[in-house]
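> File start-v4.tsv below, TSV, C-alpha atoms and all ligand atoms:
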```
chain	number	residue	atom	x	y	z
A	1	MET	CA	-26.15	-2.05	36.16
A	2	LYS	CA	-25.88	-0.49	32.70
A	3	ALA	CA	-26.86	-2.38	29.54
A	4	VAL	CA	-24.52	-1.90	26.60
A	5	ILE	CA	-25.39	-3.20	23.15
A	6	VAL	CA	-22.47	-4.61	21.23
A	7	ARG	CA	-22.68	-5.61	17.61
A	8	THR	CA	-19.91	-7.95	16.56
A	9	LEU	CA	-18.13	-7.33	13.29
A	10	PHE	CA	-19.35	-10.41	11.48
A	11	SER	CA	-22.54	-11.29	13.19
A	12	THR	CA	-25.92	-9.68	12.91
A	13	THR	CA	-26.70	-11.06	16.35
A	14	THR	CA	-27.01	-8.34	18.95
A	15	VAL	CA	-25.30	-9.20	22.20
A	16	TYR	CA	-26.36	-7.54	25.45
A	17	ILE	CA	-23.59	-7.06	27.98
A	18	TYR	CA	-24.28	-5.82	31.48
A	19	ILE	CA	-21.55	-3.72	32.97
A	20	LYS	CA	-21.47	-2.30	36.49
A	21	SER	CA	-21.11	1.50	36.45
A	22	ALA	CA	-18.50	1.04	39.19
A	23	ILE	CA	-16.02	-0.14	36.57
A	24	ALA	CA	-16.40	2.95	34.41
A	25	THR	CA	-12.65	3.70	34.54
A	26	THR	CA	-11.85	0.24	33.26
A	27	ASP	CA	-14.41	0.86	30.51
A	28	ILE	CA	-12.50	3.88	29.27
A	29	ARG	CA	-9.21	1.99	29.31
A	30	ALA	CA	-10.81	-0.96	27.57
A	31	GLN	CA	-12.30	1.38	24.96
A	32	SER	CA	-8.91	2.91	24.04
A	33	HIS	CA	-7.44	-0.62	23.95
A	34	ILE	CA	-10.23	-1.73	21.62
A	35	MET	CA	-9.58	1.14	19.21
A	36	SER	CA	-5.85	0.58	18.88
A	37	TYR	CA	-3.93	-0.06	15.67
A	38	LEU	CA	-1.36	-2.82	15.15
A	39	VAL	CA	0.92	-2.11	12.19
A	40	PHE	CA	2.82	-4.89	10.42
A	41	GLY	CA	5.68	-3.54	8.30
A	42	SER	CA	5.98	-0.44	10.49
A	43	THR	CA	9.63	0.13	9.52
A	44	GLY	CA	8.88	0.08	5.77
A	45	TYR	CA	8.32	2.85	3.27
A	46	ILE	CA	4.53	2.73	3.58
A	47	GLY	CA	4.19	1.36	7.13
A	48	SER	CA	6.42	4.01	8.73
A	49	ARG	CA	4.30	6.75	7.16
A	50	LEU	CA	1.12	5.12	8.46
A	51	VAL	CA	2.57	4.99	11.97
A	52	ALA	CA	3.57	8.68	11.79
A	53	LEU	CA	0.11	9.72	10.55
A	54	LEU	CA	-1.65	7.74	13.27
A	55	LYS	CA	0.61	9.13	16.00
A	56	ASP	CA	0.09	12.68	14.69
A	57	ASP	CA	-3.63	12.02	14.96
A	58	GLY	CA	-3.27	10.89	18.59
A	59	LYS	CA	-4.20	7.28	17.88
A	60	SER	CA	-3.03	4.32	19.95
A	61	VAL	CA	-0.47	2.61	17.67
A	62	HIS	CA	1.54	-0.56	18.17
A	63	CYS	CA	4.34	-1.61	15.83
A	64	ALA	CA	4.15	-5.38	15.41
A	65	LYS	CA	7.27	-7.25	16.46
A	66	SER	CA	6.48	-10.69	15.07
A	67	ARG	CA	7.61	-11.99	11.70
A	68	ILE	CA	4.37	-12.80	9.96
A	69	GLU	CA	5.52	-16.23	8.73
A	70	ASN	CA	5.80	-17.21	12.40
A	71	TYR	CA	2.16	-18.15	12.99
A	72	VAL	CA	2.38	-18.62	16.75
A	73	ASP	CA	4.20	-15.33	17.44
A	74	THR	CA	1.78	-13.43	15.23
A	75	ALA	CA	-1.29	-15.00	16.85
A	76	ASN	CA	0.11	-14.28	20.32
A	77	GLU	CA	0.78	-10.67	19.42
A	78	LEU	CA	-2.78	-10.23	18.13
A	79	ASP	CA	-4.12	-11.78	21.34
A	80	GLU	CA	-1.92	-9.62	23.52
A	81	ILE	CA	-2.54	-6.26	21.81
A	82	LYS	CA	-6.17	-6.99	20.85
A	83	PRO	CA	-6.20	-4.25	18.21
A	84	ALA	CA	-9.37	-2.99	16.57
A	85	TYR	CA	-7.42	-2.50	13.37
A	86	VAL	CA	-4.50	-4.31	11.78
A	87	LEU	CA	-2.63	-2.45	9.06
A	88	HIS	CA	-0.79	-4.98	6.90
A	89	ALA	CA	2.08	-3.22	5.14
A	90	ALA	CA	4.59	-6.04	5.60
A	91	GLY	CA	5.95	-7.80	2.58
A	92	LEU	CA	9.00	-8.79	0.64
A	93	THR	CA	9.49	-6.14	-2.00
A	94	GLY	CA	13.12	-7.00	-2.74
A	95	ARG	CA	16.35	-5.06	-2.38
A	96	PRO	CA	17.50	-3.23	-4.36
A	97	ASN	CA	14.30	-4.01	-6.26
A	98	ILE	CA	11.80	-6.77	-7.09
A	99	ASP	CA	14.42	-8.66	-9.12
A	100	TRP	CA	15.44	-10.09	-5.70
A	101	CYS	CA	12.15	-12.05	-5.61
A	102	GLU	CA	13.10	-13.94	-8.81
A	103	VAL	CA	15.98	-15.64	-6.98
A	104	ASN	CA	14.35	-15.92	-3.53
A	105	LYS	CA	11.07	-17.53	-4.50
A	106	ILE	CA	10.38	-19.62	-1.40
A	107	GLN	CA	10.90	-16.73	1.00
A	108	THR	CA	8.76	-14.51	-1.20
A	109	VAL	CA	5.94	-17.08	-1.21
A	110	GLN	CA	6.22	-17.67	2.54
A	111	VAL	CA	5.83	-13.98	3.38
A	112	ASN	CA	3.83	-12.44	0.53
A	113	VAL	CA	1.40	-15.32	0.08
A	114	ILE	CA	1.14	-17.81	2.94
A	115	ALA	CA	1.85	-15.52	5.89
A	116	SER	CA	-0.23	-12.68	4.46
A	117	GLN	CA	-3.18	-15.00	3.93
A	118	ASN	CA	-2.75	-16.40	7.44
A	119	LEU	CA	-2.72	-12.89	8.88
A	120	ALA	CA	-6.05	-12.13	7.19
A	121	ASP	CA	-7.48	-15.37	8.58
A	122	MET	CA	-6.13	-14.75	12.10
A	123	CYS	CA	-7.74	-11.28	12.05
A	124	TYR	CA	-10.99	-12.78	10.76
A	125	GLN	CA	-11.09	-15.34	13.53
A	126	ARG	CA	-10.64	-12.57	16.12
A	127	GLY	CA	-13.08	-10.05	14.61
A	128	ILE	CA	-10.28	-7.61	13.74
A	129	HIS	CA	-10.52	-5.29	10.74
A	130	MET	CA	-7.47	-5.59	8.47
A	131	THR	CA	-6.30	-3.11	5.86
A	132	ASN	CA	-4.13	-4.83	3.29
A	133	TYR	CA	-1.70	-2.59	1.40
A	134	ALA	CA	-1.57	-4.55	-1.85
A	135	THR	CA	-0.30	-3.65	-5.30
A	136	GLY	CA	-1.80	-2.50	-8.58
A	137	CYS	CA	1.18	-4.01	-10.43
A	138	ILE	CA	-0.96	-6.97	-11.45
A	139	TYR	CA	-2.14	-5.60	-14.80
A	140	ASP	CA	-0.34	-4.75	-18.02
A	141	TYR	CA	-1.60	-3.01	-21.16
A	142	VAL	CA	-2.52	-5.48	-23.90
A	143	GLU	CA	-2.27	-3.96	-27.37
A	144	GLY	CA	-5.12	-4.84	-29.70
A	145	THR	CA	-7.60	-5.20	-26.82
A	146	GLU	CA	-9.83	-2.81	-24.89
A	147	HIS	CA	-6.97	-2.57	-22.38
A	148	ALA	CA	-4.39	-1.27	-24.83
A	149	CYS	CA	-2.36	1.74	-23.73
A	150	GLY	CA	-4.82	4.66	-23.98
A	151	GLY	CA	-7.81	2.27	-23.85
A	152	ASN	CA	-10.12	1.32	-21.01
A	153	PRO	CA	-8.54	1.37	-17.55
A	154	PHE	CA	-8.56	-1.81	-15.47
A	155	THR	CA	-11.37	-2.02	-12.90
A	156	GLU	CA	-11.44	-4.08	-9.72
A	157	GLU	CA	-13.60	-6.57	-11.66
A	158	ASP	CA	-10.95	-7.27	-14.29
A	159	GLU	CA	-8.94	-10.44	-13.87
A	160	PRO	CA	-5.25	-9.66	-13.13
A	161	ASN	CA	-3.25	-10.35	-16.30
A	162	TYR	CA	0.35	-9.65	-15.30
A	163	LYS	CA	2.70	-12.39	-14.18
A	164	GLY	CA	5.87	-11.00	-15.77
A	165	SER	CA	7.52	-10.76	-12.36
A	166	PHE	CA	7.46	-13.29	-9.54
A	167	TYR	CA	6.72	-10.45	-7.10
A	168	SER	CA	3.52	-9.58	-9.00
A	169	GLU	CA	2.59	-13.24	-9.29
A	170	THR	CA	2.76	-13.69	-5.50
A	171	LYS	CA	0.73	-10.55	-4.95
A	172	ILE	CA	-2.01	-11.91	-7.25
A	173	TYR	CA	-2.18	-15.23	-5.36
A	174	ALA	CA	-2.28	-13.39	-2.04
A	175	GLU	CA	-4.95	-10.91	-3.09
A	176	LYS	CA	-7.24	-13.58	-4.52
A	177	ILE	CA	-7.50	-15.34	-1.16
A	178	ILE	CA	-7.20	-12.36	1.18
A	179	SER	CA	-10.00	-10.49	-0.58
A	180	GLN	CA	-12.37	-13.39	0.23
A	181	PHE	CA	-12.29	-12.41	3.91
A	182	PRO	CA	-15.16	-10.10	4.91
A	183	ASN	CA	-13.02	-8.22	7.47
A	184	VAL	CA	-10.43	-7.05	4.93
A	185	LEU	CA	-10.01	-3.80	3.03
A	186	THR	CA	-7.55	-4.30	0.18
A	187	LEU	CA	-5.96	-1.20	-1.34
A	188	ARG	CA	-4.02	-1.60	-4.56
A	189	VAL	CA	-1.20	0.92	-4.23
A	190	ARG	CA	0.92	1.52	-7.33
A	191	MET	CA	4.33	3.08	-7.94
A	192	PRO	CA	4.06	5.12	-4.73
A	193	ILE	CA	5.43	8.66	-4.68
A	194	SER	CA	6.10	10.63	-1.53
A	195	ALA	CA	6.90	14.33	-1.12
A	196	ASP	CA	10.54	13.59	-0.35
A	197	LEU	CA	13.30	11.79	-2.19
A	198	HIS	CA	12.92	8.51	-0.30
A	199	PRO	CA	14.82	5.78	-2.20
A	200	ARG	CA	11.56	3.81	-2.61
A	201	SER	CA	9.62	6.69	-4.13
A	202	PHE	CA	8.95	6.12	-7.84
A	203	VAL	CA	10.48	9.54	-8.54
A	204	THR	CA	13.78	8.67	-6.85
A	205	LYS	CA	13.82	5.22	-8.45
A	206	ILE	CA	13.51	6.47	-12.02
A	207	ALA	CA	15.75	9.52	-11.47
A	208	GLN	CA	18.73	7.21	-10.92
A	209	TYR	CA	18.54	5.87	-14.48
A	210	GLU	CA	19.82	7.46	-17.66
A	211	LYS	CA	17.46	5.48	-19.87
A	212	LEU	CA	13.76	5.05	-19.22
A	213	ILE	CA	10.75	3.61	-20.93
A	214	ASN	CA	7.99	6.16	-21.40
A	215	TYR	CA	4.46	4.90	-20.72
A	216	PRO	CA	1.41	6.46	-19.06
A	217	ASN	CA	0.86	4.83	-15.67
A	218	SER	CA	-1.36	5.04	-12.62
A	219	VAL	CA	0.59	6.08	-9.53
A	220	SER	CA	-0.23	6.60	-5.85
A	221	VAL	CA	0.81	9.95	-4.42
A	222	LEU	CA	1.12	8.88	-0.79
A	223	THR	CA	0.81	12.35	0.73
A	224	GLU	CA	-2.73	12.48	-0.67
A	225	LEU	CA	-3.72	8.83	-0.40
A	226	LEU	CA	-2.41	7.44	2.90
A	227	PRO	CA	-4.64	9.73	5.02
A	228	ILE	CA	-7.57	8.53	2.92
A	229	SER	CA	-6.61	4.91	3.56
A	230	LEU	CA	-6.72	5.58	7.30
A	231	ASP	CA	-10.13	7.20	6.97
A	232	MET	CA	-11.35	4.07	5.16
A	233	THR	CA	-9.87	1.92	7.94
A	234	SER	CA	-11.51	3.95	10.69
A	235	LYS	CA	-14.85	3.44	8.93
A	236	LYS	CA	-14.12	-0.29	8.74
A	237	LEU	CA	-14.71	-0.33	5.00
A	238	THR	CA	-13.99	-3.64	3.32
A	239	GLY	CA	-13.51	-4.93	-0.22
A	240	LEU	CA	-11.12	-4.24	-3.06
A	241	TYR	CA	-10.08	-0.78	-4.28
A	242	ASN	CA	-7.69	0.41	-6.95
A	243	PHE	CA	-5.80	2.93	-4.84
A	244	THR	CA	-4.12	5.47	-7.11
A	245	ASN	CA	-4.76	9.06	-8.08
A	246	PRO	CA	-7.12	9.50	-11.04
A	247	GLY	CA	-5.45	9.68	-14.46
A	248	THR	CA	-2.05	8.59	-15.65
A	249	VAL	CA	1.38	10.17	-15.78
A	250	SER	CA	4.26	9.16	-18.04
A	251	HIS	CA	7.88	8.62	-17.05
A	252	ASN	CA	8.91	11.67	-19.09
A	253	GLU	CA	6.28	13.86	-17.40
A	254	VAL	CA	7.61	12.83	-14.00
A	255	MET	CA	11.16	13.63	-15.13
A	256	ASP	CA	10.04	17.04	-16.49
A	257	LEU	CA	8.77	17.85	-12.98
A	258	TYR	CA	12.03	16.53	-11.52
A	259	ARG	CA	14.01	18.90	-13.76
A	260	GLU	CA	11.67	21.80	-12.94
A	261	PHE	CA	11.85	21.39	-9.14
A	262	ILE	CA	14.88	19.26	-8.21
A	263	ASP	CA	17.67	19.16	-10.77
A	264	PRO	CA	17.49	21.05	-14.11
A	265	THR	CA	20.65	19.30	-15.32
A	266	LYS	CA	19.23	15.78	-15.08
A	267	VAL	CA	19.27	14.14	-18.51
A	268	THR	CA	17.30	11.00	-19.39
A	269	THR	CA	16.65	9.37	-22.71
A	270	ASN	CA	14.08	6.76	-23.62
A	271	PHE	CA	14.43	3.14	-24.64
A	272	SER	CA	11.96	0.41	-25.52
A	273	ILE	CA	10.48	-2.26	-23.24
A	274	GLU	CA	12.58	-4.81	-25.16
A	275	GLU	CA	15.77	-2.87	-24.39
A	276	GLN	CA	14.70	-2.44	-20.76
A	277	ALA	CA	14.20	-6.21	-20.48
A	278	LYS	CA	17.92	-6.72	-21.17
A	279	VAL	CA	18.95	-4.90	-17.96
A	280	ILE	CA	16.42	-6.29	-15.46
A	281	LYS	CA	15.75	-9.84	-14.23
A	282	SER	CA	11.97	-9.60	-13.99
A	283	GLY	CA	9.44	-7.69	-16.02
A	284	ARG	CA	7.78	-4.39	-15.07
A	285	CYS	CA	4.19	-3.68	-16.01
A	286	ASN	CA	2.49	-0.54	-17.24
A	287	ASN	CA	-1.17	0.11	-16.64
A	288	HIS	CA	-4.01	2.50	-16.01
A	289	LEU	CA	-6.26	1.62	-13.06
A	290	ASP	CA	-9.87	2.72	-12.91
A	291	VAL	CA	-10.45	4.54	-9.62
A	292	SER	CA	-14.12	5.43	-10.02
A	293	LYS	CA	-15.03	3.11	-7.11
A	294	LEU	CA	-12.66	5.06	-4.83
A	295	GLN	CA	-13.78	8.42	-6.25
A	296	LYS	CA	-17.40	7.68	-5.36
A	297	LEU	CA	-16.27	7.74	-1.71
A	298	TYR	CA	-13.60	10.43	-2.04
A	299	PRO	CA	-14.43	12.66	-5.03
A	300	GLU	CA	-11.87	15.24	-3.85
A	301	ILE	CA	-8.83	13.02	-4.60
A	302	PRO	CA	-6.67	15.20	-6.86
A	303	GLU	CA	-5.92	14.18	-10.43
A	304	VAL	CA	-2.41	12.77	-10.67
A	305	HIS	CA	-0.73	15.82	-12.29
A	306	VAL	CA	-2.18	18.12	-9.63
A	307	ALA	CA	-1.10	15.79	-6.81
A	308	LEU	CA	2.39	15.36	-8.28
A	309	ARG	CA	2.96	19.09	-8.73
A	310	ARG	CA	1.97	19.60	-5.07
A	311	ALA	CA	4.42	16.89	-3.99
A	312	PHE	CA	7.25	18.45	-6.04
A	313	GLU	CA	6.44	21.93	-4.70
A	314	LYS	CA	6.71	20.57	-1.17
A	315	MET	CA	10.05	18.91	-1.97
A	316	SER	CA	11.34	22.18	-3.40
A	317	ASN	CA	10.09	24.17	-0.36
A	318	ASP	CA	11.77	21.61	1.90
A	319	GLY	CA	15.11	22.38	0.23
A	320	LEU	CA	15.48	19.13	-1.71
A	321	ALA	CA	16.49	20.81	-4.98
A	322	VAL	CA	20.04	19.95	-5.98
A	323	LYS	CA	22.32	22.88	-5.19
A	324	ARG	CA	25.25	23.40	-7.54
A	325	GLU	CA	28.23	25.69	-7.21
A	326	GLU	CA	28.02	28.70	-9.62
B	1	LIG	N1	6.87	0.38	-2.55
B	1	LIG	C1	6.19	-0.02	-3.62
B	1	LIG	O1	6.61	0.22	-4.77
B	1	LIG	C2	4.87	-0.72	-3.45
B	1	LIG	C3	3.93	-0.57	-4.44
B	1	LIG	C4	2.70	-1.17	-4.29
B	1	LIG	C5	2.46	-1.97	-3.19
B	1	LIG	N2	3.41	-2.13	-2.24
B	1	LIG	C6	3.12	-3.05	-1.14
B	1	LIG	O2	3.01	-2.34	0.07
B	1	LIG	C7	3.53	-3.13	1.15
B	1	LIG	C8	4.60	-2.30	1.85
B	1	LIG	O3	5.57	-1.92	0.89
B	1	LIG	P1	6.79	-0.98	1.25
B	1	LIG	O4	7.18	-0.28	0.01
B	1	LIG	O5	6.53	-0.21	2.48
B	1	LIG	O6	7.90	-2.11	1.54
B	1	LIG	P2	9.26	-2.00	2.34
B	1	LIG	O7	9.75	-0.61	2.45
B	1	LIG	O8	10.14	-3.03	1.70
B	1	LIG	O9	8.85	-2.47	3.80
B	1	LIG	C9	8.45	-3.77	4.05
B	1	LIG	C10	8.11	-3.90	5.50
B	1	LIG	O10	7.67	-5.24	5.73
B	1	LIG	C11	8.44	-5.78	6.79
B	1	LIG	N3	8.60	-7.21	6.61
B	1	LIG	C12	9.22	-7.86	5.62
B	1	LIG	N4	9.15	-9.18	5.82
B	1	LIG	C13	8.48	-9.35	6.96
B	1	LIG	C14	8.08	-10.49	7.71
B	1	LIG	N5	8.39	-11.71	7.31
B	1	LIG	N6	7.38	-10.31	8.85
B	1	LIG	C15	7.08	-9.07	9.29
B	1	LIG	N7	7.43	-7.96	8.63
B	1	LIG	C16	8.12	-8.11	7.48
B	1	LIG	C17	9.77	-5.06	6.75
B	1	LIG	O11	10.40	-5.16	7.99
B	1	LIG	P3	11.94	-5.59	8.09
B	1	LIG	O12	12.71	-4.50	7.42
B	1	LIG	O13	12.18	-5.72	9.55
B	1	LIG	O14	12.06	-6.90	7.34
B	1	LIG	C18	9.30	-3.64	6.44
B	1	LIG	O15	8.86	-3.01	7.61
B	1	LIG	C19	4.11	-4.41	0.52
B	1	LIG	O16	3.18	-5.45	0.63
B	1	LIG	C20	4.26	-4.03	-0.95
B	1	LIG	O17	4.12	-5.17	-1.76
B	1	LIG	C21	4.60	-1.49	-2.32
```
The structure in this file should be written as structure tokens.

Amino acid sequence: MKAVIVRTLFSTTTVYIYIKSAIATTDIRAQSHIMSYLVFGSTGYIGSRLVALLKDDGKSVHCAKSRIENYVDTANELDEIKPAYVLHAAGLTGRPNIDWCEVNKIQTVQVNVIASQNLADMCYQRGIHMTNYATGCIYDYVEGTEHACGGNPFTEEDEPNYKGSFYSETKIYAEKIISQFPNVLTLRVRMPISADLHPRSFVTKIAQYEKLINYPNSVSVLTELLPISLDMTSKKLTGLYNFTNPGTVSHNEVMDLYREFIDPTKVTTNFSIEEQAKVIKSGRCNNHLDVSKLQKLYPEIPEVHVALRRAFEKMSNDGLAVKREE
């Protein structure tokens, strides 16, 4: 008989389990089962990238089949897979954009708030670590205060101040409760950018418009940040993190890179937030998030301009530049 010491996730009590060496093979299978990942939102912009990264790294990955608002299905799936880690990247983000949430409020609440909170609780009750891919679109610059544009960035301690869109409002309600659970790591992703021209990348989104506002913003360059999120998960870190690259980048700076690497003929002009409000149903926020908490753990995270240039270089090398007939 071999004594194995197991420390449970939420208890300081040490539990001694006696296992016969004869079942060593089962041990190994059980171990790989224990370390598996269950990804909610695996078909989405963020979730599909997480699945690809985990598979590339040889991890045991399961793509969740249940709809998270269906409590029984979700609980059964957790009990069947028994993952060590849940990655929660499921949510209603709206199509073609978050304006959809303004006219589908009940569905948005059911998924983004109630079901997301339930998922955190179900994981808590089962001792499963959950990484919650949340949003940093819960703050907006306030002129005349310390958080004016160009002023102090928003830290994790600052109270969210942006409810200009129903999507953001639901994300605030969800985060407030979910972040109470001691098994949850919440990462506030913002205006994600990938090294491709995926329709949900911030670059692709703004490149489709002729008129843009021009404000400095925190953004998450996914190529740099998603691997870091998985490292945080594997270490079972918990708590709340602003999850963007350090620094800010303006809409015009992003479009300058777009012209340099993708399409030199692309023309955009600027308009004011008031003019923008006339063509969208819900508001859009602008903010600078303080990432010093994240940088203490990962000081090598590249400053946003460095990360963006790398992403654009990759897109150009991958042949994504617009080719025009001479
Ligand atoms: N993209 C952004 O700009 C951004 C920025 C910051 C934070 N986030 C957050 O990051 C998370 C993922 O965003 P994303 O951009 O990857 O979104 P996405 O591309 O719209 O993908 C959403 C994913 O969630 C799944 N889903 C939706 N409703 C579900 C439900 N009721 N039950 C189970 N799965 C459901 C979708 O599956 P189906 O297609 O099968 O419905 C899809 O796989 C969201 O919580 C979002 O709020 C996104």
> My list of candidates is A:Leu237, A:Met122, A:Leu225, A:Val219. Which is closest to Val254 of chain A when distances are computed with only C-alpha atoms?
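Of A:Leu237, A:Met122, A:Leu225, A:Val219, the one nearest Val254 of chain A, counting only C-alpha atoms, is A:Val219.
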> Check which residues fall inside 6 Å of ligand LIG 1 (chain B) when counting only C-alpha atoms and all ligand atoms, and print them as a list in words.
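These are the residues that qualify: Phe40, Gly41, Ser42, Thr43, Gly44, Tyr45, Ile46, Gly47, Arg67, Ile68, Glu69, Ala89, Ala90, Gly91, Leu92, Thr93, Val111, Tyr133, Ala134, Thr135, Val189, Arg190, Met191, Pro192 and Arg200 of chain A.
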> For Ile138 of chain A, which residue among A:Lys296, A:Lys236, A:Arg284, A:Lys205 is the nearest when counting all atoms listed in the file?
A:Arg284
> Point out the residue among A:Trp100, A:Phe202, A:Tyr173, A:Phe154 with the least atom-to-atom distance to Ser250 of chain A, counting only C-alpha atoms.
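Residue with the minimum atom-to-atom distance to Ser250 of chain A: A:Phe202.
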> So the first atom is atom CA of Tyr167 of chain A and the second is atom CA of Asp231 of chain A; what is the distance between them in Å, to one decimal place?
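Going from atom CA of Tyr167 of chain A over to atom CA of Asp231 of chain A, I get 28.2 Å.
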> Skipping near chain neighbours, those fewer than 6 positions away, what residues fall within 10 Å of Ile172 of chain A using only C-alpha atoms, listed as a PyMOL selection string?
chain A and resi 112-113+134-139+159-163+166+178
> Here is a test: counting all atoms listed in the file, which residue of A:Lys281, A:Thr269, A:Gly150, A:Ser292 is nearest to Val249 of chain A?
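Looking only at the distances to Val249 of chain A, the closest residue turns out to be A:Gly150.
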> Just give me the gap between atom CA of His62 of chain A and atom CA of Ser48 of chain A in Å, one decimal is fine.
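Between these atoms lies a distance of 11.6 Å.
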> With distances taken over only C-alpha atoms, which residue among A:Leu185, A:Cys149, A:Cys123, A:Ala307 lies nearest Pro246 of chain A?
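Smallest distance to Pro246 of chain A is found for A:Ala307.
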> Quote the spacing between atom CA of Val304 of chain A and atom CA of Gly144 of chain A in Å to one decimal place.
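One can read the atom CA of Val304 of chain A to atom CA of Gly144 of chain A distance as 26.1 Å.
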> Smallest atom-to-atom distance to Cys63 of chain A: which of A:Pro182, A:Asp79, A:Leu38, A:Val86, using only C-alpha atoms?
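When distances to Cys63 of chain A are compared using only C-alpha atoms, the smallest one comes from A:Leu38.
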> Once 5 Å is added on each side, what are the centre and the three edge lengths, in Å to one decimal, of the axis-aligned box enclosing the listed atoms of segment 249-255 of chain A? Present them as JSON.

```
{"center_x": 6.3, "center_y": 11.2, "center_z": -16.5, "size_x": 19.8, "size_y": 15.2, "size_z": 15.1}
```
> Got a sec: who's within 7 Å of Asn132 of chain A, counting all atoms listed in the file, leaving out chain neighbours fewer than 5 positions off, as a count of residues only?
7
> Listing only residues of segment 130-159 of chain A within 6 Å of segment 287-290 of chain A, what is the closest atom pair and its distance in Å (to one decimal) for each, using all atoms listed in the file, sorted by chain and residue number ascending, as CSV?

```
residue,atom,partner,partner_atom,distance
A:Asp140,CA,A:Asn287,CA,5.1
A:Tyr141,CA,A:Asn287,CA,5.5
A:Pro153,CA,A:His288,CA,4.9
A:Phe154,CA,A:Leu289,CA,4.8
A:Thr155,CA,A:Asp290,CA,5.0
```
> Got a sec to write segment 289-312 of chain A of the block to a file, C-alpha atoms, as a PDB file, in the first residue's frame?

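Resulting contents of selection21.pdb:
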```
ATOM      1  CA  LEU A 289      -6.333  49.767 -17.736  1.00  0.00           C
ATOM      2  CA  ASP A 290      -3.519  49.513 -15.220  1.00  0.00           C
ATOM      3  CA  VAL A 291      -1.725  46.197 -15.745  1.00  0.00           C
ATOM      4  CA  SER A 292       0.946  46.488 -13.062  1.00  0.00           C
ATOM      5  CA  LYS A 293      -0.619  43.558 -11.143  1.00  0.00           C
ATOM      6  CA  LEU A 294      -0.211  41.348 -14.237  1.00  0.00           C
ATOM      7  CA  GLN A 295       3.262  42.723 -14.993  1.00  0.00           C
ATOM      8  CA  LYS A 296       4.493  41.738 -11.532  1.00  0.00           C
ATOM      9  CA  LEU A 297       3.893  38.113 -12.609  1.00  0.00           C
ATOM     10  CA  TYR A 298       4.817  38.524 -16.286  1.00  0.00           C
ATOM     11  CA  PRO A 299       7.205  41.475 -16.662  1.00  0.00           C
ATOM     12  CA  GLU A 300       8.065  40.372 -20.212  1.00  0.00           C
ATOM     13  CA  ILE A 301       4.602  41.208 -21.643  1.00  0.00           C
ATOM     14  CA  PRO A 302       5.394  43.531 -24.569  1.00  0.00           C
ATOM     15  CA  GLU A 303       4.193  47.121 -24.598  1.00  0.00           C
ATOM     16  CA  VAL A 304       1.170  47.464 -26.860  1.00  0.00           C
ATOM     17  CA  HIS A 305       2.934  49.127 -29.833  1.00  0.00           C
ATOM     18  CA  VAL A 306       5.613  46.427 -29.850  1.00  0.00           C
ATOM     19  CA  ALA A 307       3.005  43.644 -29.635  1.00  0.00           C
ATOM     20  CA  LEU A 308       0.864  45.213 -32.359  1.00  0.00           C
ATOM     21  CA  ARG A 309       3.762  45.671 -34.770  1.00  0.00           C
ATOM     22  CA  ARG A 310       4.647  41.980 -34.275  1.00  0.00           C
ATOM     23  CA  ALA A 311       1.044  40.981 -34.996  1.00  0.00           C
ATOM     24  CA  PHE A 312       0.947  43.111 -38.170  1.00  0.00           C
TER      25      PHE A 312
END
```
